[in-house]
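Trainee: run-v4.cif is the file, holding mmCIF, C-alpha atoms and all ligand atoms:
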data_upload
loop_
_atom_site.label_atom_id
_atom_site.label_comp_id
_atom_site.auth_asym_id
_atom_site.auth_seq_id
_atom_site.Cartn_x
_atom_site.Cartn_y
_atom_site.Cartn_z
CA MET K 215 288.24 77.30 51.15
CA THR K 216 287.74 81.05 51.28
CA GLN K 217 284.28 80.62 49.71
CA SER K 218 282.92 79.62 53.10
CA LEU K 219 284.40 82.64 54.94
CA PRO K 220 282.11 85.69 55.38
CA ARG K 221 283.34 88.60 53.28
CA ARG K 222 283.33 92.28 54.24
CA LYS K 223 281.84 93.59 51.00
CA ASP K 224 281.42 97.11 52.48
CA PHE K 225 285.16 97.26 53.19
CA GLU K 226 285.99 95.99 49.71
CA SER K 227 283.92 98.63 47.92
CA ASP K 228 285.02 101.47 50.25
CA LEU K 229 288.68 100.61 49.68
CA ARG K 230 288.22 100.38 45.93
CA GLY K 231 286.69 103.86 46.03
CA LEU K 232 289.82 105.26 47.68
CA LEU K 233 292.49 103.50 45.65
CA ARG K 234 294.22 105.41 42.87
CA THR K 235 296.51 102.54 41.91
CA GLU K 236 296.82 100.56 38.67
CA SER K 237 297.47 97.15 40.15
CA ILE K 238 297.91 97.10 43.94
CA GLY K 239 294.45 96.47 45.38
CA SER K 240 292.90 96.13 41.90
CA THR K 241 291.09 93.12 43.32
CA VAL K 242 290.27 93.00 47.03
CA ARG K 243 288.96 90.29 49.31
CA ALA K 244 288.21 91.46 52.84
CA PHE K 245 287.26 89.11 55.66
CA GLU K 246 286.13 89.43 59.24
CA SER K 247 288.40 86.63 60.40
CA VAL K 248 290.94 84.30 58.77
CA ASP K 249 293.81 82.17 60.02
CA SER K 250 296.43 84.23 58.16
CA THR K 251 296.01 86.65 55.26
CA ASN K 252 299.32 85.35 53.89
CA THR K 253 297.87 81.85 53.65
CA ILE K 254 294.71 83.08 51.92
CA ALA K 255 296.74 85.25 49.52
CA ALA K 256 299.11 82.35 48.69
CA GLU K 257 296.12 80.09 47.87
CA TRP K 258 294.56 82.82 45.77
CA GLY K 259 297.86 83.56 44.04
CA GLY K 260 298.30 79.87 43.28
CA SER K 261 294.92 79.77 41.57
CA GLY K 262 295.49 82.79 39.36
CA ALA K 263 294.98 85.97 41.41
CA PRO K 264 296.37 88.94 39.46
CA HIS K 265 299.42 90.94 40.47
CA GLY K 266 298.30 93.33 43.21
CA ALA K 267 295.37 91.27 44.53
CA LEU K 268 294.86 92.21 48.17
CA VAL K 269 293.57 90.19 51.12
CA PHE K 270 292.52 92.09 54.24
CA ALA K 271 291.27 90.70 57.55
CA GLU K 272 289.91 92.37 60.66
CA TYR K 273 291.32 89.48 62.68
CA GLN K 274 293.82 86.66 62.19
CA SER K 275 293.64 83.61 64.42
CA ARG K 276 297.10 82.41 63.31
CA GLY K 277 298.90 85.50 62.06
CA ARG K 278 302.57 84.74 61.62
CA GLY K 279 305.79 86.69 61.59
CA ARG K 280 309.37 85.90 60.69
CA PHE K 281 311.21 82.99 62.35
CA GLY K 282 307.91 81.21 63.06
CA ARG K 283 306.79 83.86 65.52
CA ALA K 284 303.12 84.72 65.99
CA TRP K 285 301.75 88.09 64.89
CA GLN K 286 298.99 89.18 67.24
CA ALA K 287 296.75 92.16 66.66
CA ARG K 288 293.43 93.02 68.29
CA PRO K 289 290.42 92.76 65.95
CA GLY K 290 289.07 95.84 64.22
CA LEU K 291 291.85 98.23 65.28
CA ASN K 292 294.83 97.54 63.06
CA LEU K 293 295.85 96.74 59.50
CA THR K 294 296.59 93.13 58.64
CA PHE K 295 296.75 92.49 54.91
CA SER K 296 298.63 90.60 52.23
CA ILE K 297 299.27 91.43 48.60
CA VAL K 298 299.82 88.88 45.83
CA LEU K 299 302.71 90.04 43.68
CA ARG K 300 304.26 88.78 40.47
CA PRO K 301 307.12 91.25 40.47
CA GLU K 302 309.08 91.92 37.33
CA LEU K 303 312.30 91.46 39.26
CA GLY K 304 314.90 88.73 38.95
CA PRO K 305 314.82 85.95 41.59
CA ASP K 306 317.91 87.45 43.24
CA GLN K 307 316.18 90.86 43.42
CA LEU K 308 313.09 89.77 45.35
CA GLY K 309 314.51 91.18 48.59
CA LEU K 310 313.81 94.59 47.09
CA VAL K 311 310.07 93.93 47.54
CA THR K 312 310.49 94.08 51.32
CA ILE K 313 312.73 97.14 50.98
CA ALA K 314 310.14 98.89 48.79
CA ALA K 315 307.27 97.97 51.12
CA CYS K 316 309.13 99.16 54.24
CA VAL K 317 309.92 102.54 52.70
CA ALA K 318 306.32 102.83 51.46
CA ALA K 319 304.90 102.04 54.89
CA ALA K 320 307.38 104.31 56.70
CA ASP K 321 306.57 107.24 54.38
CA ALA K 322 302.82 106.70 54.84
CA ILE K 323 303.24 106.46 58.62
CA GLU K 324 305.37 109.60 58.74
CA ALA K 325 302.57 111.55 57.06
CA LEU K 326 300.55 110.82 60.23
CA THR K 327 303.23 110.94 62.93
CA THR K 328 305.31 114.02 62.03
CA PRO K 329 307.43 115.19 63.84
CA THR K 330 308.09 111.61 64.94
CA ARG K 331 310.11 110.02 62.16
CA PRO K 332 309.72 106.28 61.55
CA THR K 333 312.93 104.30 61.31
CA ILE K 334 313.54 100.90 59.70
CA LYS K 335 315.32 97.92 61.21
CA TRP K 336 316.64 95.65 58.47
CA PRO K 337 315.00 93.94 56.81
CA ASN K 338 311.34 94.38 57.63
CA ASP K 339 310.49 96.33 60.78
CA VAL K 340 309.21 99.90 60.93
CA LEU K 341 309.78 101.54 64.32
CA LEU K 342 308.49 104.63 66.08
CA ASN K 343 310.63 105.92 68.93
CA GLY K 344 312.51 102.60 68.89
CA ARG K 345 309.40 100.43 69.18
CA LYS K 346 308.00 98.30 66.39
CA CYS K 347 304.70 99.40 64.85
CA CYS K 348 304.85 97.49 61.58
CA GLY K 349 306.32 94.24 60.27
CA MET K 350 306.42 92.64 56.84
CA LEU K 351 306.52 88.97 55.91
CA LEU K 352 307.53 88.07 52.35
CA GLU K 353 306.74 84.50 51.28
CA THR K 354 307.12 82.90 47.86
CA SER K 355 305.12 80.00 46.49
CA VAL K 356 304.81 78.23 43.16
CA SER K 357 301.88 79.13 40.95
CA LYS K 358 299.88 76.43 39.17
CA THR K 359 298.90 78.85 36.43
CA ASN K 360 302.05 80.89 35.96
CA GLU K 361 305.67 79.89 35.60
CA HIS K 362 306.83 82.81 37.77
CA PRO K 363 306.79 82.41 41.55
CA VAL K 364 304.00 84.14 43.37
CA VAL K 365 305.26 86.44 46.07
CA VAL K 366 303.01 87.26 48.99
CA LEU K 367 303.81 90.42 50.90
CA GLY K 368 302.10 90.40 54.31
CA THR K 369 301.94 93.54 56.41
CA GLY K 370 300.92 93.95 60.03
CA LEU K 371 300.58 97.55 61.16
CA ASN K 372 299.51 98.53 64.67
CA VAL K 373 297.18 101.48 64.17
CA ASN K 374 294.51 102.15 66.81
CA GLN K 375 295.48 99.57 69.44
CA ASP K 376 295.99 101.35 72.76
CA SER K 377 297.95 98.72 74.69
CA PHE K 378 299.98 95.57 74.21
CA PRO K 379 300.49 92.45 76.32
CA GLN K 380 303.10 93.04 79.02
CA GLU K 381 305.74 90.90 77.32
CA LEU K 382 305.56 93.13 74.21
CA SER K 383 304.96 96.52 75.76
CA ASP K 384 308.61 97.66 75.74
CA ARG K 385 309.06 96.59 72.08
CA ALA K 386 305.70 97.26 70.40
CA THR K 387 303.78 100.44 69.72
CA SER K 388 300.95 101.78 67.58
CA LEU K 389 300.20 105.01 65.76
CA LEU K 390 297.62 105.81 68.42
CA LEU K 391 300.09 105.34 71.25
CA GLU K 392 302.67 107.57 69.54
CA THR K 393 300.37 110.39 68.44
CA GLY K 394 297.32 110.20 70.70
CA GLN K 395 295.19 110.34 67.53
CA LEU K 396 292.87 107.72 66.04
CA VAL K 397 293.70 107.01 62.42
CA ASP K 398 291.34 106.25 59.51
CA ARG K 399 292.64 102.77 58.66
CA MET K 400 291.11 102.67 55.21
CA GLN K 401 292.76 105.94 54.12
CA LEU K 402 296.06 104.70 55.49
CA LEU K 403 295.76 101.37 53.66
CA ALA K 404 294.97 103.16 50.39
CA ASP K 405 297.99 105.44 50.89
CA ILE K 406 300.29 102.47 51.59
CA CYS K 407 299.03 100.63 48.48
CA ASP K 408 299.70 103.70 46.37
CA ARG K 409 303.21 104.09 47.76
CA ILE K 410 304.01 100.36 47.39
CA GLU K 411 303.01 100.52 43.74
CA ARG K 412 305.25 103.52 43.09
CA ARG K 413 308.19 102.08 45.03
CA LEU K 414 307.98 98.74 43.15
CA GLU K 415 308.00 100.64 39.86
CA GLN K 416 311.04 102.54 41.10
CA ALA K 417 312.80 99.29 42.11
CA LYS K 418 312.24 97.87 38.63
CA ARG K 419 314.10 100.79 37.02
CA SER K 420 316.98 100.94 39.50
CA SER K 421 317.27 100.27 43.20
CA ALA K 422 319.54 103.27 43.87
CA GLU K 423 316.93 105.80 45.01
CA LEU K 424 314.96 103.22 46.95
CA ARG K 425 318.10 102.09 48.80
CA ARG K 426 319.03 105.70 49.54
CA ASP K 427 315.59 106.34 51.09
CA TYR K 428 315.72 103.06 53.06
CA MET K 429 319.23 103.75 54.39
CA ALA K 430 318.20 107.25 55.46
CA ARG K 431 315.80 105.57 57.89
CA MET K 432 317.97 102.58 58.84
CA THR K 433 318.48 102.18 62.59
CA ASP K 434 321.82 100.43 62.69
CA ILE K 435 323.81 102.11 59.95
CA GLY K 436 327.47 102.42 61.00
CA ALA K 437 326.79 100.49 64.21
CA PRO K 438 328.37 97.27 65.47
CA VAL K 439 325.77 94.51 65.22
CA ARG K 440 325.36 90.78 65.39
CA LEU K 441 323.34 89.03 62.71
CA HIS K 442 321.53 85.91 63.90
CA PHE K 443 320.13 83.18 61.67
CA SER K 444 318.43 81.15 64.39
CA SER K 445 318.17 81.38 68.15
CA ALA K 446 320.62 78.47 68.50
CA GLU K 447 323.80 79.95 67.01
CA GLY K 448 325.99 82.92 67.76
CA GLY K 449 325.59 84.68 64.42
CA VAL K 450 327.98 86.95 62.57
CA GLN K 451 329.48 90.11 64.03
CA GLY K 452 330.14 93.22 61.97
CA VAL K 453 329.47 96.88 61.35
CA THR K 454 326.45 97.77 59.18
CA LEU K 455 327.57 99.48 55.98
CA GLY K 456 324.22 99.59 54.17
CA LEU K 457 322.28 97.74 51.48
CA ASP K 458 323.61 96.15 48.33
CA GLU K 459 321.78 96.40 44.99
CA SER K 460 319.44 93.53 45.81
CA GLY K 461 318.49 94.78 49.28
CA GLY K 462 320.99 92.54 51.09
CA LEU K 463 322.66 93.80 54.26
CA ILE K 464 326.34 94.68 53.86
CA LEU K 465 328.32 93.99 57.02
CA GLN K 466 331.95 94.91 57.51
CA THR K 467 333.22 91.74 59.21
CA ASP K 468 336.72 90.75 60.32
CA ALA K 469 336.97 88.88 57.00
CA GLY K 470 335.95 91.97 54.98
CA PRO K 471 332.58 93.16 53.67
CA ARG K 472 329.95 90.41 53.36
CA VAL K 473 326.35 90.54 52.11
CA PHE K 474 323.50 88.74 53.87
CA HIS K 475 319.96 88.17 52.63
CA ALA K 476 318.33 86.93 55.82
CA GLY K 477 318.76 87.13 59.55
CA GLU K 478 317.92 89.22 62.56
CA VAL K 479 320.06 92.13 63.65
CA THR K 480 320.85 92.92 67.28
CA ARG K 481 323.17 95.68 68.48
CA SER K 482 326.46 94.47 69.92
CA LEU K 483 328.61 96.44 72.32
C1 LIG A 501 307.33 90.18 61.38
O1 LIG A 501 307.50 91.29 61.89
O2 LIG A 501 307.94 89.17 61.79
C2 LIG A 501 306.39 90.07 60.24
C3 LIG A 501 304.97 90.27 60.67
C4 LIG A 501 304.00 90.12 59.51
C5 LIG A 501 302.57 90.08 59.97
C6 LIG A 501 301.61 90.15 58.83
S1 LIG A 501 299.95 90.44 59.36
C7 LIG A 501 299.36 90.12 57.76
C8 LIG A 501 300.16 88.96 57.21
N1 LIG A 501 299.57 87.70 57.62
C9 LIG A 501 300.37 87.01 58.42
O3 LIG A 501 300.09 85.90 58.92
N2 LIG A 501 301.50 87.69 58.66
C10 LIG A 501 301.53 88.94 57.92
#
Would you kindly transcribe this structure into structure tokens?

Mentor:
Amino acid sequence: MTQSLPRRKDFESDLRGLLRTESIGSTVRAFESVDSTNTIAAEWGGSGAPHGALVFAEYQSRGRGRFGRAWQARPGLNLTFSIVLRPELGPDQLGLVTIAACVAAADAIEALTTPTRPTIKWPNDVLLNGRKCCGMLLETSVSKTNEHPVVVLGTGLNVNQDSFPQELSDRATSLLLETGQLVDRMQLLADICDRIERRLEQAKRSSAELRRDYMARMTDIGAPVRLHFSSAEGGVQGVTLGLDESGGLILQTDAGPRVFHAGEVTRSL
């Protein structure tokens, strides 16, 4: 399927020249336009792509976010990419991939936005001044050539986009809007890949340091929140205590502390 899509060979070789990683980005496929980089990466992963293989696109016609939402980004201005991962983590530890990627992205963003400090909304949003600039989508699929599940980590990062549709403008932002500076997207992507690789290595040894760094950026720590699992139900109310060893959210509820591995957090009064 991807054979028929025009590749951006210039982008692929430029990125390879910048990467200092062992595995993340070791193989790159860059496209002008795809439906979703997560879909392309899942297909590639299923047919044997190595750990760290990266799919980049200048534009996605059907970019997707969590809860079936669309991810929209203007062509040529942002970062939309997916990484095929075969993490050496137990199945109940896979949530740590999102945790590692969020910290990696937030650290890379902070290097460009200081003194503005990125924060993280559990599980997968990176915010600047309370507005979302980056989201992650972790999807697992079964590999035909490997007994381990293939994990696809998709990242959408608003970089040089200078405005958003009205319905998003109070919730979305970009690095350009926050700093007034255009960013070299390729350098930023290389930096994020490098940091993801190091954070995944760290997670493999122990999640303690990674969780400490994530919680230091967490927006709702100590706050009363409601955790929703779909738009149809009321969710669970509690106070955010932090992350457990697998990256789950610990909520102090009326029934005591409980750990959740999915959901969307909103502040409650
Ligand atoms: C979210 O915030 O809900 C997650 C957004 C994830 C968007 C990225 S863009 C690259 C990759 N391809 C997709 O279709 N989605 C992810």

Trainee: Record the distance separating CA of Ile410 (chain K) and CA of Ala319 (chain K), expressed in Å with one decimal.

Mentor: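 Distance reported for this atom pair: 7.7 Å.
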
Trainee: One decimal, in Å: what's the spacing between CA of Val364 (chain K) and CA of Arg300 (chain K)?

Mentor: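 Distance between the two atoms: 5.5 Å.
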
Trainee: State, in Å with one decimal place, the distance from CA of Lys346 (chain K) to CA of Gly370 (chain K).

Mentor: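 Atom-to-atom, CA of Lys346 (chain K) and CA of Gly370 (chain K) are spaced 10.5 Å apart.
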
Trainee: Grab me every residue within 8 Å of ligand LIG 501 (chain A), counting all atoms listed in the file, and send it over as a PyMOL selection string.

Mentor: chain K and resi 249-253+270+274+276-281+283-285+293-296+338-339+348-351+367-371

Trainee: Between K:Glu353, K:Asp408, K:Asp376, K:Asp398, which is the closest to Val311 (chain K) once you count all atoms listed in the file?

Mentor: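 Selected residue with least distance to Val311 (chain K): K:Glu353.
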
Trainee: Would you mind completing region 471-482 of chain K to all heavy atoms and writing the output as a compact mmCIF listing (two decimals), keeping the file's coordinate frame?

Mentor:
# COMPACT_ATOMS: atom_id res chain seq x y z
N PRO K 471 334.02 92.94 53.84
CA PRO K 471 332.58 93.16 53.67
C PRO K 471 331.88 91.89 53.18
O PRO K 471 332.39 91.23 52.28
CB PRO K 471 332.50 94.27 52.61
CG PRO K 471 333.88 94.56 52.18
CD PRO K 471 334.84 93.66 52.89
N ARG K 472 330.73 91.57 53.79
CA ARG K 472 329.95 90.41 53.36
C ARG K 472 328.49 90.83 53.25
O ARG K 472 328.03 91.69 53.99
CB ARG K 472 330.06 89.27 54.38
CG ARG K 472 331.42 88.61 54.40
CD ARG K 472 331.48 87.52 55.46
NE ARG K 472 330.56 86.42 55.20
CZ ARG K 472 330.30 85.44 56.09
NH1 ARG K 472 330.87 85.46 57.27
NH2 ARG K 472 329.47 84.48 55.79
N VAL K 473 327.76 90.19 52.32
CA VAL K 473 326.35 90.54 52.11
C VAL K 473 325.48 89.39 52.60
O VAL K 473 325.76 88.23 52.32
CB VAL K 473 326.08 90.80 50.60
CG1 VAL K 473 324.59 91.08 50.37
CG2 VAL K 473 326.91 91.97 50.10
N PHE K 474 324.42 89.74 53.33
CA PHE K 474 323.50 88.74 53.87
C PHE K 474 322.08 89.05 53.39
O PHE K 474 321.70 90.21 53.29
CB PHE K 474 323.54 88.74 55.40
CG PHE K 474 324.89 88.37 55.94
CD1 PHE K 474 325.85 89.35 56.17
CD2 PHE K 474 325.22 87.05 56.17
CE1 PHE K 474 327.12 89.01 56.63
CE2 PHE K 474 326.48 86.69 56.64
CZ PHE K 474 327.44 87.68 56.88
N HIS K 475 321.32 87.97 53.14
CA HIS K 475 319.96 88.17 52.63
C HIS K 475 318.89 87.79 53.63
O HIS K 475 317.69 87.92 53.36
CB HIS K 475 319.78 87.40 51.32
CG HIS K 475 320.67 87.95 50.25
ND1 HIS K 475 320.40 89.10 49.57
CD2 HIS K 475 321.89 87.52 49.82
CE1 HIS K 475 321.38 89.37 48.74
NE2 HIS K 475 322.31 88.43 48.87
N ALA K 476 319.30 87.28 54.79
CA ALA K 476 318.33 86.93 55.82
C ALA K 476 319.00 87.08 57.17
O ALA K 476 320.23 87.17 57.25
CB ALA K 476 317.84 85.49 55.63
N GLY K 477 318.21 87.07 58.21
CA GLY K 477 318.76 87.13 59.55
C GLY K 477 318.10 88.22 60.37
O GLY K 477 317.26 88.98 59.88
N GLU K 478 318.47 88.22 61.63
CA GLU K 478 317.92 89.22 62.56
C GLU K 478 319.06 89.97 63.21
O GLU K 478 319.98 89.36 63.76
CB GLU K 478 317.07 88.52 63.61
CG GLU K 478 316.49 89.49 64.61
CD GLU K 478 315.19 88.98 65.17
OE1 GLU K 478 315.24 88.13 66.07
OE2 GLU K 478 314.13 89.43 64.70
N VAL K 479 318.97 91.28 63.17
CA VAL K 479 320.06 92.13 63.65
C VAL K 479 319.84 92.48 65.13
O VAL K 479 318.74 92.86 65.51
CB VAL K 479 320.08 93.43 62.83
CG1 VAL K 479 321.07 94.43 63.41
CG2 VAL K 479 320.39 93.16 61.37
N THR K 480 320.88 92.32 65.93
CA THR K 480 320.85 92.92 67.28
C THR K 480 322.11 93.78 67.43
O THR K 480 323.14 93.50 66.81
CB THR K 480 320.83 91.86 68.41
OG1 THR K 480 321.96 90.99 68.25
CG2 THR K 480 319.56 91.03 68.40
N ARG K 481 322.00 94.82 68.24
CA ARG K 481 323.17 95.68 68.48
C ARG K 481 324.17 94.91 69.33
O ARG K 481 323.79 94.21 70.25
CB ARG K 481 322.75 96.92 69.28
CG ARG K 481 322.18 98.05 68.47
CD ARG K 481 323.25 98.73 67.63
NE ARG K 481 322.58 99.72 66.79
CZ ARG K 481 322.68 101.03 66.98
NH1 ARG K 481 323.41 101.52 67.95
NH2 ARG K 481 322.03 101.86 66.19
N SER K 482 325.46 95.04 69.02
CA SER K 482 326.46 94.47 69.92
C SER K 482 327.29 95.61 70.49
O SER K 482 327.37 96.69 69.91
CB SER K 482 327.33 93.45 69.20
OG SER K 482 327.95 94.04 68.10
